[in-house]
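**Q** Quick one: the structure is below, questions incoming.
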Amino acid sequence: MIRSQLCALPKASDDLLDDLVINEARYILEDMDPTSFHWGVHGPASGMTIQVDTFLKAAFEWAPERQGQAWLGRIITATDGDRKGLTRVARLFFEEVLVPMRLRASQPSHKSSPKPSVDDEVASPTSDTSPFSSPKMGQILESKLLIRDGHKCGITSYSPNRNHPGNATTNLIATVLPPNDHLEVTHVFPLALGDDYDDHGNTLYDPCVFWEVLQNYAPSLNGEWLRGEGLHSPANSLILTHTIRKAFANLELCLAPSNTQHTYAVKNYIRDPWLHRQLNGLPNITLRNHSDPDVLADIGLPDPRILSLHAALTFIMQTGGASRALDRAVRDTKALSCLMSDGSIDVNTTLLIVAAIPKTSV
């Protein structure tokens, strides 16, 4: 059953070779005239402009896998270069992928395992209990990930517990981060992406749509696994400081893959000018497993395919005005009346509800 409108769009014949489809789609995009659409929570007139040609080119060229690029290429090719058809493809990719990815990033999952009580014994990192099934899963996973990542931020190497940073880069980061910054588990794809209800039983959005698109866009990843237990797994997790995690989750910072396994370039799109300058020019990082494999055999490094997909979505978010449109949407929702139990406005829930409303075809 197809739930995604993007996946339901007409496609070029599967009989065509991937190379032919990719070349044809690239020709269509290169020949495309500048086109845009408006997106906002109060309707198109209230929103920001998203440039279709640059946005769609980025989504196509930054596809993390060739098979995924061919999938999107078949949808693009089926439009025969029609402006309205291409605009619809861009809008649906934006609404079905980037909106939930960005806006679920700061939301806690409503399906998290219950925290242990005060009287509960907190499992040690060497516990035999599986970190993927125990009710203490979050605490166990955090303990193991801290050991795996050497008790430091995976991007900056900063550790709040170290009085004497080991290198110049760490010393620089220590001077720009808040003094009370702390290390925390960061899920590359947020746990809340698996939620379809909030704490009050309200429908947020259909997560099947998001995962259906990603399963086609990055087919080597098992979408069902990632949406389920994979979200909690070490393959989808790394240790970052709170400040760095926010930028990473908001698709303002990513780890772009290199030709060397587990080595990544740090791509910085942070909009805070001061923090952007401080983090600009970080060297390539190599993720290493600091744990004893005989003790923590179930803790591997983050899956390069997951980080590659996150990097692709970050690059796309930064093109065509997509990021600014979502920033504007967050500000606009402050006037809407989706109230939480304490009377405050649940901005992210509001945006997800708005994004889930069927849009008029372009």
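To be explicit about the labels: the chains of the structure tokens are called A, B, and onward in the order shown, and within each one the residues are counted from 1, while ligands get numbers from 1 in the order they are shown.
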Which of range 199-296 of chain A counts as strand (DSSP E) under DSSP, as a list in words please?
**A** Ser237, Leu238, Ile239, Leu240, Thr241, Leu253, Cys254, Leu255, Ala256, Pro257, Thr263, Tyr264, Ala265, Val266, Lys267, Asn268, Ile285 and Thr286 of chain A
**Q** Which residues, written as a list in words, have at least one atom at most 6 Å from range 214-220 of chain A, with only C-alpha atoms counted and residues fewer than 2 positions away on the same chain left out?
**A** Glu65, Gly68, Trp211, Glu212 and Gly223 of chain A
**Q** Using Å and a single decimal, report how far CA of Gly154 in chain A sits from CA of Gly194 in chain A.
**A** 24.6 Å
**Q** Can you measure CA of Leu240 in chain A to CA of Phe94 in chain A for me? One decimal in Å is fine.
**A**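 Between these atoms lies a distance of 27.0 Å.
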**Q** Name the closest residue to Ile22 in chain A among the candidates A:Ile75, A:Leu9, A:Ile50, A:Ala249; distances are taken between atoms, counting only C-alpha atoms.
**A** A:Ile75
**Q** If you count only C-alpha atoms, which residues fall within 9 Å of Lys152 in chain A, apart from same-chain ones fewer than 3 positions away, as a PDB file with N, CA, C and O atoms, in the first residue's frame?
**A**
ATOM      1  N   LEU A 146      29.116   6.085  25.504  1.00  0.00           N
ATOM      2  CA  LEU A 146      30.164   6.923  26.088  1.00  0.00           C
ATOM      3  C   LEU A 146      31.506   6.204  26.070  1.00  0.00           C
ATOM      4  O   LEU A 146      32.543   6.812  25.767  1.00  0.00           O
ATOM      5  N   ASP A 149      32.735   5.963  22.328  1.00  0.00           N
ATOM      6  CA  ASP A 149      33.209   7.224  21.760  1.00  0.00           C
ATOM      7  C   ASP A 149      34.264   7.914  22.614  1.00  0.00           C
ATOM      8  O   ASP A 149      34.614   9.076  22.366  1.00  0.00           O
ATOM      9  N   ILE A 155      32.276  14.992  17.200  1.00  0.00           N
ATOM     10  CA  ILE A 155      32.629  15.974  16.167  1.00  0.00           C
ATOM     11  C   ILE A 155      33.748  16.897  16.620  1.00  0.00           C
ATOM     12  O   ILE A 155      34.687  17.167  15.866  1.00  0.00           O
ATOM     13  N   THR A 156      33.686  17.385  17.856  1.00  0.00           N
ATOM     14  CA  THR A 156      34.676  18.365  18.317  1.00  0.00           C
ATOM     15  C   THR A 156      35.755  17.767  19.204  1.00  0.00           C
ATOM     16  O   THR A 156      36.748  18.437  19.502  1.00  0.00           O
ATOM     17  N   SER A 157      35.580  16.528  19.660  1.00  0.00           N
ATOM     18  CA  SER A 157      36.480  15.864  20.613  1.00  0.00           C
ATOM     19  C   SER A 157      36.457  16.531  21.982  1.00  0.00           C
ATOM     20  O   SER A 157      37.274  16.214  22.847  1.00  0.00           O
ATOM     21  N   TYR A 158      35.520  17.424  22.215  1.00  0.00           N
ATOM     22  CA  TYR A 158      35.436  18.123  23.501  1.00  0.00           C
ATOM     23  C   TYR A 158      34.809  17.223  24.555  1.00  0.00           C
ATOM     24  O   TYR A 158      33.811  16.554  24.318  1.00  0.00           O
ATOM     25  N   SER A 159      35.426  17.219  25.746  1.00  0.00           N
ATOM     26  CA  SER A 159      34.864  16.503  26.883  1.00  0.00           C
ATOM     27  C   SER A 159      34.762  17.460  28.058  1.00  0.00           C
ATOM     28  O   SER A 159      35.771  18.034  28.472  1.00  0.00           O
ATOM     29  N   PRO A 160      33.574  17.668  28.600  1.00  0.00           N
ATOM     30  CA  PRO A 160      33.412  18.596  29.725  1.00  0.00           C
ATOM     31  C   PRO A 160      34.205  18.171  30.958  1.00  0.00           C
ATOM     32  O   PRO A 160      34.494  18.999  31.819  1.00  0.00           O
ATOM     33  N   ASN A 161      34.571  16.900  31.041  1.00  0.00           N
ATOM     34  CA  ASN A 161      35.248  16.402  32.234  1.00  0.00           C
ATOM     35  C   ASN A 161      36.762  16.546  32.166  1.00  0.00           C
ATOM     36  O   ASN A 161      37.462  16.189  33.103  1.00  0.00           O
ATOM     37  N   LEU A 183      27.630  16.134  27.526  1.00  0.00           N
ATOM     38  CA  LEU A 183      27.554  15.119  26.491  1.00  0.00           C
ATOM     39  C   LEU A 183      26.209  14.406  26.568  1.00  0.00           C
ATOM     40  O   LEU A 183      25.691  14.162  27.657  1.00  0.00           O
ATOM     41  N   ILE A 239      27.797  10.240  20.322  1.00  0.00           N
ATOM     42  CA  ILE A 239      27.855  11.146  21.460  1.00  0.00           C
ATOM     43  C   ILE A 239      28.275  12.533  20.975  1.00  0.00           C
ATOM     44  O   ILE A 239      29.304  12.680  20.315  1.00  0.00           O
ATOM     45  N   LEU A 240      27.455  13.552  21.294  1.00  0.00           N
ATOM     46  CA  LEU A 240      27.769  14.943  20.973  1.00  0.00           C
ATOM     47  C   LEU A 240      27.473  15.802  22.197  1.00  0.00           C
ATOM     48  O   LEU A 240      26.729  15.389  23.086  1.00  0.00           O
ATOM     49  N   THR A 241      28.043  16.997  22.234  1.00  0.00           N
ATOM     50  CA  THR A 241      27.638  17.928  23.270  1.00  0.00           C
ATOM     51  C   THR A 241      26.240  18.441  22.935  1.00  0.00           C
ATOM     52  O   THR A 241      25.796  18.377  21.782  1.00  0.00           O
TER      53      THR A 241
END
